[in-house]
$ cat final06.txt   # compact mmCIF, N, CA, C and O atoms and all ligand atoms
# COMPACT_ATOMS: atom_id res chain seq x y z
N MET A 1 -8.54 -42.93 -31.36
CA MET A 1 -9.91 -42.61 -31.70
C MET A 1 -10.87 -43.26 -30.72
O MET A 1 -10.66 -44.39 -30.31
N LYS A 2 -11.88 -42.52 -30.33
CA LYS A 2 -12.88 -43.05 -29.40
C LYS A 2 -14.26 -42.73 -29.94
O LYS A 2 -14.53 -41.61 -30.38
N LEU A 3 -15.13 -43.74 -29.90
CA LEU A 3 -16.50 -43.61 -30.39
C LEU A 3 -17.42 -43.52 -29.18
O LEU A 3 -17.26 -44.28 -28.21
N PHE A 4 -18.38 -42.60 -29.19
CA PHE A 4 -19.32 -42.54 -28.08
C PHE A 4 -20.65 -41.96 -28.54
O PHE A 4 -20.75 -41.37 -29.61
N VAL A 5 -21.67 -42.21 -27.72
CA VAL A 5 -23.02 -41.73 -28.01
C VAL A 5 -23.42 -40.71 -26.96
O VAL A 5 -23.32 -40.98 -25.76
N LYS A 6 -23.85 -39.55 -27.41
CA LYS A 6 -24.43 -38.57 -26.49
C LYS A 6 -25.89 -38.97 -26.29
O LYS A 6 -26.75 -38.69 -27.13
N SER A 7 -26.15 -39.64 -25.19
CA SER A 7 -27.47 -40.25 -24.99
C SER A 7 -28.59 -39.22 -24.98
O SER A 7 -29.72 -39.52 -25.39
N GLU A 8 -28.30 -38.02 -24.55
CA GLU A 8 -29.35 -36.99 -24.51
C GLU A 8 -29.79 -36.57 -25.91
O GLU A 8 -30.87 -36.00 -26.08
N LYS A 9 -28.98 -36.88 -26.92
CA LYS A 9 -29.33 -36.54 -28.30
C LYS A 9 -29.94 -37.72 -29.06
O LYS A 9 -30.46 -37.55 -30.15
N CYS A 10 -29.84 -38.92 -28.49
CA CYS A 10 -30.33 -40.12 -29.17
C CYS A 10 -31.85 -40.16 -29.13
O CYS A 10 -32.46 -39.97 -28.08
N ILE A 11 -32.47 -40.43 -30.30
CA ILE A 11 -33.93 -40.51 -30.39
C ILE A 11 -34.39 -41.96 -30.54
O ILE A 11 -35.54 -42.22 -30.89
N ALA A 12 -33.49 -42.90 -30.29
CA ALA A 12 -33.83 -44.34 -30.30
C ALA A 12 -34.37 -44.81 -31.64
O ALA A 12 -35.26 -45.64 -31.69
N CYS A 13 -33.81 -44.29 -32.73
CA CYS A 13 -34.27 -44.71 -34.05
C CYS A 13 -33.80 -46.12 -34.40
O CYS A 13 -34.38 -46.78 -35.25
N GLY A 14 -32.73 -46.56 -33.77
CA GLY A 14 -32.24 -47.92 -33.99
C GLY A 14 -31.27 -48.09 -35.14
O GLY A 14 -30.74 -49.18 -35.35
N ARG A 15 -31.03 -47.06 -35.88
CA ARG A 15 -30.20 -47.20 -37.08
C ARG A 15 -28.81 -47.72 -36.76
O ARG A 15 -28.30 -48.60 -37.44
N CYS A 16 -28.19 -47.19 -35.73
CA CYS A 16 -26.80 -47.59 -35.45
C CYS A 16 -26.70 -49.03 -34.99
O CYS A 16 -25.89 -49.80 -35.50
N TYR A 17 -27.54 -49.42 -34.03
CA TYR A 17 -27.37 -50.79 -33.51
C TYR A 17 -27.96 -51.85 -34.44
O TYR A 17 -27.60 -53.02 -34.34
N LEU A 18 -28.84 -51.47 -35.35
CA LEU A 18 -29.32 -52.43 -36.34
C LEU A 18 -28.32 -52.58 -37.49
O LEU A 18 -28.09 -53.68 -37.97
N ASN A 19 -27.69 -51.49 -37.88
CA ASN A 19 -26.75 -51.54 -39.00
C ASN A 19 -25.34 -51.94 -38.57
O ASN A 19 -24.59 -52.52 -39.36
N TYR A 20 -24.97 -51.62 -37.33
CA TYR A 20 -23.62 -51.90 -36.85
C TYR A 20 -23.67 -52.57 -35.48
O TYR A 20 -23.23 -52.01 -34.46
N PRO A 21 -24.21 -53.79 -35.42
CA PRO A 21 -24.39 -54.46 -34.13
C PRO A 21 -23.07 -54.81 -33.44
O PRO A 21 -23.07 -55.07 -32.23
N ASP A 22 -21.98 -54.81 -34.17
CA ASP A 22 -20.68 -55.05 -33.52
C ASP A 22 -20.21 -53.84 -32.73
O ASP A 22 -19.36 -53.97 -31.84
N LEU A 23 -20.75 -52.69 -33.05
CA LEU A 23 -20.29 -51.45 -32.41
C LEU A 23 -21.25 -50.91 -31.37
O LEU A 23 -20.83 -50.30 -30.39
N PHE A 24 -22.57 -51.14 -31.59
CA PHE A 24 -23.57 -50.49 -30.73
C PHE A 24 -24.55 -51.49 -30.15
O PHE A 24 -24.85 -52.52 -30.76
N ASP A 25 -25.07 -51.14 -29.01
CA ASP A 25 -26.17 -51.89 -28.39
C ASP A 25 -27.16 -50.86 -27.87
O ASP A 25 -26.95 -49.65 -28.01
N THR A 26 -28.23 -51.33 -27.26
CA THR A 26 -29.28 -50.42 -26.82
C THR A 26 -29.72 -50.76 -25.40
O THR A 26 -29.68 -51.93 -25.00
N ASN A 27 -30.16 -49.77 -24.67
CA ASN A 27 -30.73 -50.06 -23.36
C ASN A 27 -32.22 -50.36 -23.52
O ASN A 27 -32.75 -50.41 -24.65
N ASP A 28 -32.93 -50.55 -22.42
CA ASP A 28 -34.34 -50.95 -22.48
C ASP A 28 -35.22 -49.89 -23.13
O ASP A 28 -36.32 -50.19 -23.58
N GLU A 29 -34.75 -48.68 -23.17
CA GLU A 29 -35.53 -47.58 -23.76
C GLU A 29 -35.16 -47.30 -25.20
O GLU A 29 -35.67 -46.35 -25.80
N GLY A 30 -34.27 -48.11 -25.76
CA GLY A 30 -33.88 -47.92 -27.15
C GLY A 30 -32.76 -46.94 -27.37
O GLY A 30 -32.38 -46.66 -28.51
N ILE A 31 -32.21 -46.42 -26.27
CA ILE A 31 -31.11 -45.48 -26.38
C ILE A 31 -29.82 -46.24 -26.63
O ILE A 31 -29.51 -47.21 -25.94
N ALA A 32 -29.09 -45.78 -27.62
CA ALA A 32 -27.87 -46.49 -28.05
C ALA A 32 -26.69 -46.20 -27.13
O ALA A 32 -26.61 -45.14 -26.52
N PHE A 33 -25.79 -47.19 -27.07
CA PHE A 33 -24.49 -46.96 -26.44
C PHE A 33 -23.45 -47.79 -27.18
O PHE A 33 -23.79 -48.74 -27.89
N VAL A 34 -22.21 -47.41 -27.04
CA VAL A 34 -21.12 -48.12 -27.69
C VAL A 34 -20.76 -49.34 -26.85
O VAL A 34 -20.62 -49.26 -25.64
N LYS A 35 -20.65 -50.49 -27.52
CA LYS A 35 -20.33 -51.73 -26.82
C LYS A 35 -18.92 -51.69 -26.25
O LYS A 35 -18.00 -51.13 -26.85
N GLU A 36 -18.78 -52.34 -25.11
CA GLU A 36 -17.45 -52.49 -24.51
C GLU A 36 -16.50 -53.19 -25.49
O GLU A 36 -15.31 -52.88 -25.55
N SER A 37 -17.05 -54.13 -26.25
CA SER A 37 -16.22 -54.92 -27.15
C SER A 37 -15.90 -54.19 -28.45
O SER A 37 -15.09 -54.67 -29.24
N ALA A 38 -16.53 -53.04 -28.67
CA ALA A 38 -16.25 -52.28 -29.89
C ALA A 38 -14.81 -51.80 -29.86
O ALA A 38 -14.30 -51.38 -28.83
N ASN A 39 -14.17 -51.87 -30.97
CA ASN A 39 -12.83 -51.29 -31.04
C ASN A 39 -12.70 -50.51 -32.33
O ASN A 39 -13.63 -50.44 -33.13
N GLU A 40 -11.58 -49.92 -32.49
CA GLU A 40 -11.42 -48.97 -33.58
C GLU A 40 -10.92 -49.61 -34.86
O GLU A 40 -10.56 -48.93 -35.79
N LYS A 41 -10.92 -50.94 -34.92
CA LYS A 41 -10.41 -51.55 -36.15
C LYS A 41 -11.36 -51.32 -37.31
O LYS A 41 -10.94 -51.36 -38.46
N ASP A 42 -12.63 -51.08 -37.02
CA ASP A 42 -13.59 -50.87 -38.09
C ASP A 42 -13.88 -49.38 -38.26
O ASP A 42 -14.96 -48.89 -37.95
N HIS A 43 -12.90 -48.66 -38.76
CA HIS A 43 -13.03 -47.22 -38.92
C HIS A 43 -14.16 -46.87 -39.88
O HIS A 43 -14.86 -45.88 -39.66
N ILE A 44 -14.32 -47.64 -40.94
CA ILE A 44 -15.33 -47.30 -41.94
C ILE A 44 -16.72 -47.38 -41.34
O ILE A 44 -17.53 -46.47 -41.50
N SER A 45 -17.00 -48.45 -40.61
CA SER A 45 -18.32 -48.57 -39.98
C SER A 45 -18.53 -47.47 -38.95
O SER A 45 -19.62 -46.91 -38.84
N SER A 46 -17.50 -47.15 -38.20
CA SER A 46 -17.62 -46.09 -37.20
C SER A 46 -17.94 -44.76 -37.86
O SER A 46 -18.85 -44.04 -37.43
N ARG A 47 -17.23 -44.45 -38.90
CA ARG A 47 -17.47 -43.18 -39.59
C ARG A 47 -18.84 -43.17 -40.25
O ARG A 47 -19.53 -42.14 -40.26
N ASN A 48 -19.25 -44.30 -40.81
CA ASN A 48 -20.59 -44.36 -41.41
C ASN A 48 -21.67 -44.16 -40.35
O ASN A 48 -22.65 -43.46 -40.59
N ALA A 49 -21.49 -44.77 -39.20
CA ALA A 49 -22.48 -44.62 -38.13
C ALA A 49 -22.59 -43.18 -37.69
O ALA A 49 -23.69 -42.66 -37.47
N VAL A 50 -21.46 -42.51 -37.57
CA VAL A 50 -21.48 -41.08 -37.21
C VAL A 50 -22.25 -40.30 -38.26
O VAL A 50 -23.12 -39.47 -37.94
N PHE A 51 -21.98 -40.58 -39.51
CA PHE A 51 -22.62 -39.84 -40.61
C PHE A 51 -24.11 -40.13 -40.69
O PHE A 51 -24.92 -39.24 -41.00
N GLU A 52 -24.49 -41.38 -40.40
CA GLU A 52 -25.88 -41.80 -40.60
C GLU A 52 -26.81 -41.46 -39.43
O GLU A 52 -28.03 -41.50 -39.59
N CYS A 53 -26.28 -41.17 -38.28
CA CYS A 53 -27.15 -40.85 -37.15
C CYS A 53 -27.92 -39.56 -37.43
O CYS A 53 -27.31 -38.52 -37.71
N PRO A 54 -29.25 -39.60 -37.37
CA PRO A 54 -30.04 -38.43 -37.75
C PRO A 54 -29.90 -37.24 -36.81
O PRO A 54 -30.21 -36.11 -37.20
N THR A 55 -29.45 -37.47 -35.59
CA THR A 55 -29.35 -36.36 -34.63
C THR A 55 -27.90 -36.03 -34.27
O THR A 55 -27.66 -35.24 -33.36
N ARG A 56 -26.96 -36.66 -34.95
CA ARG A 56 -25.53 -36.45 -34.65
C ARG A 56 -25.21 -36.80 -33.20
O ARG A 56 -24.36 -36.15 -32.57
N ALA A 57 -25.91 -37.82 -32.69
CA ALA A 57 -25.65 -38.25 -31.32
C ALA A 57 -24.36 -39.04 -31.21
O ALA A 57 -23.77 -39.13 -30.13
N ILE A 58 -23.93 -39.65 -32.32
CA ILE A 58 -22.71 -40.46 -32.32
C ILE A 58 -21.54 -39.57 -32.71
O ILE A 58 -21.60 -38.85 -33.70
N GLN A 59 -20.51 -39.64 -31.90
CA GLN A 59 -19.35 -38.80 -32.18
C GLN A 59 -18.07 -39.60 -32.02
O GLN A 59 -18.03 -40.59 -31.29
N MET A 60 -17.06 -39.15 -32.72
CA MET A 60 -15.74 -39.75 -32.61
C MET A 60 -14.76 -38.67 -32.24
O MET A 60 -14.84 -37.55 -32.73
N ILE A 61 -13.86 -39.01 -31.37
CA ILE A 61 -12.78 -38.08 -31.04
C ILE A 61 -11.46 -38.81 -31.16
O ILE A 61 -11.40 -40.04 -31.04
N GLU A 62 -10.43 -38.07 -31.42
CA GLU A 62 -9.10 -38.64 -31.39
C GLU A 62 -8.75 -38.97 -29.95
O GLU A 62 -9.15 -38.24 -29.02
N SER A 63 -8.03 -40.04 -29.72
CA SER A 63 -7.79 -40.52 -28.37
C SER A 63 -7.01 -39.54 -27.51
O SER A 63 -7.08 -39.59 -26.29
N ASN A 64 -6.28 -38.63 -28.14
CA ASN A 64 -5.50 -37.68 -27.34
C ASN A 64 -6.25 -36.39 -27.07
O ASN A 64 -5.70 -35.45 -26.51
N GLU A 65 -7.54 -36.36 -27.46
CA GLU A 65 -8.35 -35.19 -27.17
C GLU A 65 -9.13 -35.41 -25.87
O GLU A 65 -9.49 -36.52 -25.55
N ALA A 66 -9.42 -34.34 -25.16
CA ALA A 66 -10.28 -34.45 -23.98
C ALA A 66 -11.72 -34.60 -24.43
O ALA A 66 -12.11 -34.06 -25.46
N ILE A 67 -12.51 -35.36 -23.68
CA ILE A 67 -13.93 -35.55 -24.00
C ILE A 67 -14.70 -34.31 -23.59
O ILE A 67 -14.52 -33.81 -22.51
S1 LIG A 101 -28.56 -43.71 -34.99
FE1 LIG A 101 -28.34 -42.00 -33.50
S2 LIG A 101 -30.42 -41.49 -32.87
FE2 LIG A 101 -30.51 -43.51 -33.86
S3 LIG A 101 -30.32 -44.99 -32.16
FE3 LIG A 101 -28.24 -44.62 -32.94
S4 LIG A 101 -27.42 -42.93 -31.66
FE4 LIG A 101 -29.65 -42.97 -31.38
$ encode --input "final06.txt" --output "structure tokens"
Amino acid sequence: MKLFVKSEKCIACGRCYLNYPDLFDTNDEGIAFVKESANEKDHISSRNAVFECPTRAIQMIESNEAI
């Protein structure tokens, strides 16, 4: 499983990096990205973040799928 943010869809609402700071960080413009240190051990938080993003910018794929 791989978690990623489609930055072109992110509206910088802050929900992901405020609610799940272990998984997400933000650039200077408030656009979210997945932390290097994030790993897949926290599946529940990852799935919640995907569900809670208002623009569906956060996506998860199975590791054997092409991006
Ligand atoms: S929840 Fe979605 S729109 Fe909001 S900052 Fe995170 S990726 Fe961007």
$ residues_around --input "final06.txt" --residues "segment 33-45 of chain A" --least-positions-apart "2" --cutoff "6 Å" --atoms "only C-alpha atoms" --output "list in words"
Phe4, Val5, Leu23, Phe24, Asp25, Thr26, Arg47 and Asn48 of chain A
$ residues_around --input "final06.txt" --residues "Ile58 of chain A" --least-positions-apart "4" --cutoff "7 Å" --atoms "all atoms listed in the file" --output "list in words"
Leu3, Phe4, Val5, Lys6, Ser46, Ala49, Val50, Phe51 and Cys53 of chain A
$ residues_near_ligand --input "final06.txt" --ligand "ligand LIG 101 (chain A)" --cutoff "7 Å" --atoms "only C-alpha atoms and all ligand atoms" --output "number ranges by chain"
A: 5, 9-17, 30-32, 49, 52-58
$ atom_distance --input "final06.txt" --atom1 "atom N of Asn19 of chain A" --atom2 "atom N of Glu62 of chain A"
22.8 Å
$ atom_distance --input "final06.txt" --atom1 "atom N of Glu29 of chain A" --atom2 "atom O of Ser7 of chain A"
10.7 Å
$ atom_distance --input "final06.txt" --atom1 "atom CA of Asp28 of chain A" --atom2 "atom CA of Ile61 of chain A"
26.5 Å
$ select_by_dssp --input "final06.txt" --residues "chain A" --states "strand (DSSP E or B)" --output "PyMOL selection string"
chain A and resi 2-5+24-26+32-34+58-61
$ write_last_selection --input "final06.txt" --atoms "N, CA, C and O atoms" --output "PDB file, in the coordinates of the input"
ATOM      1  N   LYS A   2     -11.880 -42.520 -30.330  1.00  0.00           N
ATOM      2  CA  LYS A   2     -12.880 -43.050 -29.400  1.00  0.00           C
ATOM      3  C   LYS A   2     -14.260 -42.730 -29.940  1.00  0.00           C
ATOM      4  O   LYS A   2     -14.530 -41.610 -30.380  1.00  0.00           O
ATOM      5  N   LEU A   3     -15.130 -43.740 -29.900  1.00  0.00           N
ATOM      6  CA  LEU A   3     -16.500 -43.610 -30.390  1.00  0.00           C
ATOM      7  C   LEU A   3     -17.420 -43.520 -29.180  1.00  0.00           C
ATOM      8  O   LEU A   3     -17.260 -44.280 -28.210  1.00  0.00           O
ATOM      9  N   PHE A   4     -18.380 -42.600 -29.190  1.00  0.00           N
ATOM     10  CA  PHE A   4     -19.320 -42.540 -28.080  1.00  0.00           C
ATOM     11  C   PHE A   4     -20.650 -41.960 -28.540  1.00  0.00           C
ATOM     12  O   PHE A   4     -20.750 -41.370 -29.610  1.00  0.00           O
ATOM     13  N   VAL A   5     -21.670 -42.210 -27.720  1.00  0.00           N
ATOM     14  CA  VAL A   5     -23.020 -41.730 -28.010  1.00  0.00           C
ATOM     15  C   VAL A   5     -23.420 -40.710 -26.960  1.00  0.00           C
ATOM     16  O   VAL A   5     -23.320 -40.980 -25.760  1.00  0.00           O
ATOM     17  N   PHE A  24     -22.570 -51.140 -31.590  1.00  0.00           N
ATOM     18  CA  PHE A  24     -23.570 -50.490 -30.730  1.00  0.00           C
ATOM     19  C   PHE A  24     -24.550 -51.490 -30.150  1.00  0.00           C
ATOM     20  O   PHE A  24     -24.850 -52.520 -30.760  1.00  0.00           O
ATOM     21  N   ASP A  25     -25.070 -51.140 -29.010  1.00  0.00           N
ATOM     22  CA  ASP A  25     -26.170 -51.890 -28.390  1.00  0.00           C
ATOM     23  C   ASP A  25     -27.160 -50.860 -27.870  1.00  0.00           C
ATOM     24  O   ASP A  25     -26.950 -49.650 -28.010  1.00  0.00           O
ATOM     25  N   THR A  26     -28.230 -51.330 -27.260  1.00  0.00           N
ATOM     26  CA  THR A  26     -29.280 -50.420 -26.820  1.00  0.00           C
ATOM     27  C   THR A  26     -29.720 -50.760 -25.400  1.00  0.00           C
ATOM     28  O   THR A  26     -29.680 -51.930 -25.000  1.00  0.00           O
ATOM     29  N   ALA A  32     -29.090 -45.780 -27.620  1.00  0.00           N
ATOM     30  CA  ALA A  32     -27.870 -46.490 -28.050  1.00  0.00           C
ATOM     31  C   ALA A  32     -26.690 -46.200 -27.130  1.00  0.00           C
ATOM     32  O   ALA A  32     -26.610 -45.140 -26.520  1.00  0.00           O
ATOM     33  N   PHE A  33     -25.790 -47.190 -27.070  1.00  0.00           N
ATOM     34  CA  PHE A  33     -24.490 -46.960 -26.440  1.00  0.00           C
ATOM     35  C   PHE A  33     -23.450 -47.790 -27.180  1.00  0.00           C
ATOM     36  O   PHE A  33     -23.790 -48.740 -27.890  1.00  0.00           O
ATOM     37  N   VAL A  34     -22.210 -47.410 -27.040  1.00  0.00           N
ATOM     38  CA  VAL A  34     -21.120 -48.120 -27.690  1.00  0.00           C
ATOM     39  C   VAL A  34     -20.760 -49.340 -26.850  1.00  0.00           C
ATOM     40  O   VAL A  34     -20.620 -49.260 -25.640  1.00  0.00           O
ATOM     41  N   ILE A  58     -23.930 -39.650 -32.320  1.00  0.00           N
ATOM     42  CA  ILE A  58     -22.710 -40.460 -32.320  1.00  0.00           C
ATOM     43  C   ILE A  58     -21.540 -39.570 -32.710  1.00  0.00           C
ATOM     44  O   ILE A  58     -21.600 -38.850 -33.700  1.00  0.00           O
ATOM     45  N   GLN A  59     -20.510 -39.640 -31.900  1.00  0.00           N
ATOM     46  CA  GLN A  59     -19.350 -38.800 -32.180  1.00  0.00           C
ATOM     47  C   GLN A  59     -18.070 -39.600 -32.020  1.00  0.00           C
ATOM     48  O   GLN A  59     -18.030 -40.590 -31.290  1.00  0.00           O
ATOM     49  N   MET A  60     -17.060 -39.150 -32.720  1.00  0.00           N
ATOM     50  CA  MET A  60     -15.740 -39.750 -32.610  1.00  0.00           C
ATOM     51  C   MET A  60     -14.760 -38.670 -32.240  1.00  0.00           C
ATOM     52  O   MET A  60     -14.840 -37.550 -32.730  1.00  0.00           O
ATOM     53  N   ILE A  61     -13.860 -39.010 -31.370  1.00  0.00           N
ATOM     54  CA  ILE A  61     -12.780 -38.080 -31.040  1.00  0.00           C
ATOM     55  C   ILE A  61     -11.460 -38.810 -31.160  1.00  0.00           C
ATOM     56  O   ILE A  61     -11.400 -40.040 -31.040  1.00  0.00           O
TER      57      ILE A  61
END
$ build_atoms --input "final06.txt" --residues "segment 7-18 of chain A" --atoms "all heavy atoms" --output "tab-separated table (two decimals), keeping the file's coordinate frame"
chain	number	residue	atom	x	y	z
A	7	SER	N	-26.15	-39.64	-25.19
A	7	SER	CA	-27.47	-40.25	-24.99
A	7	SER	C	-28.59	-39.22	-24.98
A	7	SER	O	-29.72	-39.52	-25.39
A	7	SER	CB	-27.48	-41.08	-23.70
A	7	SER	OG	-27.14	-40.27	-22.61
A	8	GLU	N	-28.30	-38.02	-24.55
A	8	GLU	CA	-29.35	-36.99	-24.51
A	8	GLU	C	-29.79	-36.57	-25.91
A	8	GLU	O	-30.87	-36.00	-26.08
A	8	GLU	CB	-28.90	-35.78	-23.69
A	8	GLU	CG	-27.81	-34.93	-24.32
A	8	GLU	CD	-26.41	-35.44	-24.02
A	8	GLU	OE1	-26.26	-36.59	-23.57
A	8	GLU	OE2	-25.46	-34.67	-24.25
A	9	LYS	N	-28.98	-36.88	-26.92
A	9	LYS	CA	-29.33	-36.54	-28.30
A	9	LYS	C	-29.94	-37.72	-29.06
A	9	LYS	O	-30.46	-37.55	-30.15
A	9	LYS	CB	-28.10	-36.02	-29.05
A	9	LYS	CG	-27.55	-34.74	-28.48
A	9	LYS	CD	-26.32	-34.27	-29.24
A	9	LYS	CE	-26.72	-33.59	-30.53
A	9	LYS	NZ	-25.55	-33.01	-31.22
A	10	CYS	N	-29.84	-38.92	-28.49
A	10	CYS	CA	-30.33	-40.12	-29.17
A	10	CYS	C	-31.85	-40.16	-29.13
A	10	CYS	O	-32.46	-39.97	-28.08
A	10	CYS	CB	-29.75	-41.35	-28.49
A	10	CYS	SG	-30.37	-42.91	-29.18
A	11	ILE	N	-32.47	-40.43	-30.30
A	11	ILE	CA	-33.93	-40.51	-30.39
A	11	ILE	C	-34.39	-41.96	-30.54
A	11	ILE	O	-35.54	-42.22	-30.89
A	11	ILE	CB	-34.47	-39.66	-31.55
A	11	ILE	CG1	-33.86	-40.10	-32.88
A	11	ILE	CG2	-34.23	-38.17	-31.28
A	11	ILE	CD1	-34.52	-39.46	-34.10
A	12	ALA	N	-33.49	-42.90	-30.29
A	12	ALA	CA	-33.83	-44.34	-30.30
A	12	ALA	C	-34.37	-44.81	-31.64
A	12	ALA	O	-35.26	-45.64	-31.69
A	12	ALA	CB	-34.81	-44.66	-29.16
A	13	CYS	N	-33.81	-44.29	-32.73
A	13	CYS	CA	-34.27	-44.71	-34.05
A	13	CYS	C	-33.80	-46.12	-34.40
A	13	CYS	O	-34.38	-46.78	-35.25
A	13	CYS	CB	-33.82	-43.72	-35.12
A	13	CYS	SG	-32.06	-43.83	-35.52
A	14	GLY	N	-32.73	-46.56	-33.77
A	14	GLY	CA	-32.24	-47.92	-33.99
A	14	GLY	C	-31.27	-48.09	-35.14
A	14	GLY	O	-30.74	-49.18	-35.35
A	15	ARG	N	-31.03	-47.06	-35.88
A	15	ARG	CA	-30.20	-47.20	-37.08
A	15	ARG	C	-28.81	-47.72	-36.76
A	15	ARG	O	-28.30	-48.60	-37.44
A	15	ARG	CB	-30.11	-45.84	-37.77
A	15	ARG	CG	-29.52	-45.90	-39.15
A	15	ARG	CD	-29.60	-44.57	-39.85
A	15	ARG	NE	-30.98	-44.19	-40.09
A	15	ARG	CZ	-31.35	-43.08	-40.73
A	15	ARG	NH1	-30.42	-42.27	-41.21
A	15	ARG	NH2	-32.61	-42.79	-40.91
A	16	CYS	N	-28.19	-47.19	-35.73
A	16	CYS	CA	-26.80	-47.59	-35.45
A	16	CYS	C	-26.70	-49.03	-34.99
A	16	CYS	O	-25.89	-49.80	-35.50
A	16	CYS	CB	-26.16	-46.64	-34.46
A	16	CYS	SG	-26.99	-46.58	-32.86
A	17	TYR	N	-27.54	-49.42	-34.03
A	17	TYR	CA	-27.37	-50.79	-33.51
A	17	TYR	C	-27.96	-51.85	-34.44
A	17	TYR	O	-27.60	-53.02	-34.34
A	17	TYR	CB	-27.87	-50.95	-32.08
A	17	TYR	CG	-29.17	-50.31	-31.70
A	17	TYR	CD1	-30.37	-50.92	-31.99
A	17	TYR	CD2	-29.19	-49.09	-31.02
A	17	TYR	CE1	-31.57	-50.33	-31.62
A	17	TYR	CE2	-30.37	-48.50	-30.64
A	17	TYR	CZ	-31.57	-49.12	-30.95
A	17	TYR	OH	-32.76	-48.53	-30.58
A	18	LEU	N	-28.84	-51.47	-35.35
A	18	LEU	CA	-29.32	-52.43	-36.34
A	18	LEU	C	-28.32	-52.58	-37.49
A	18	LEU	O	-28.09	-53.68	-37.97
A	18	LEU	CB	-30.68	-51.98	-36.90
A	18	LEU	CG	-31.83	-52.02	-35.90
A	18	LEU	CD1	-33.10	-51.45	-36.53
A	18	LEU	CD2	-32.09	-53.44	-35.40
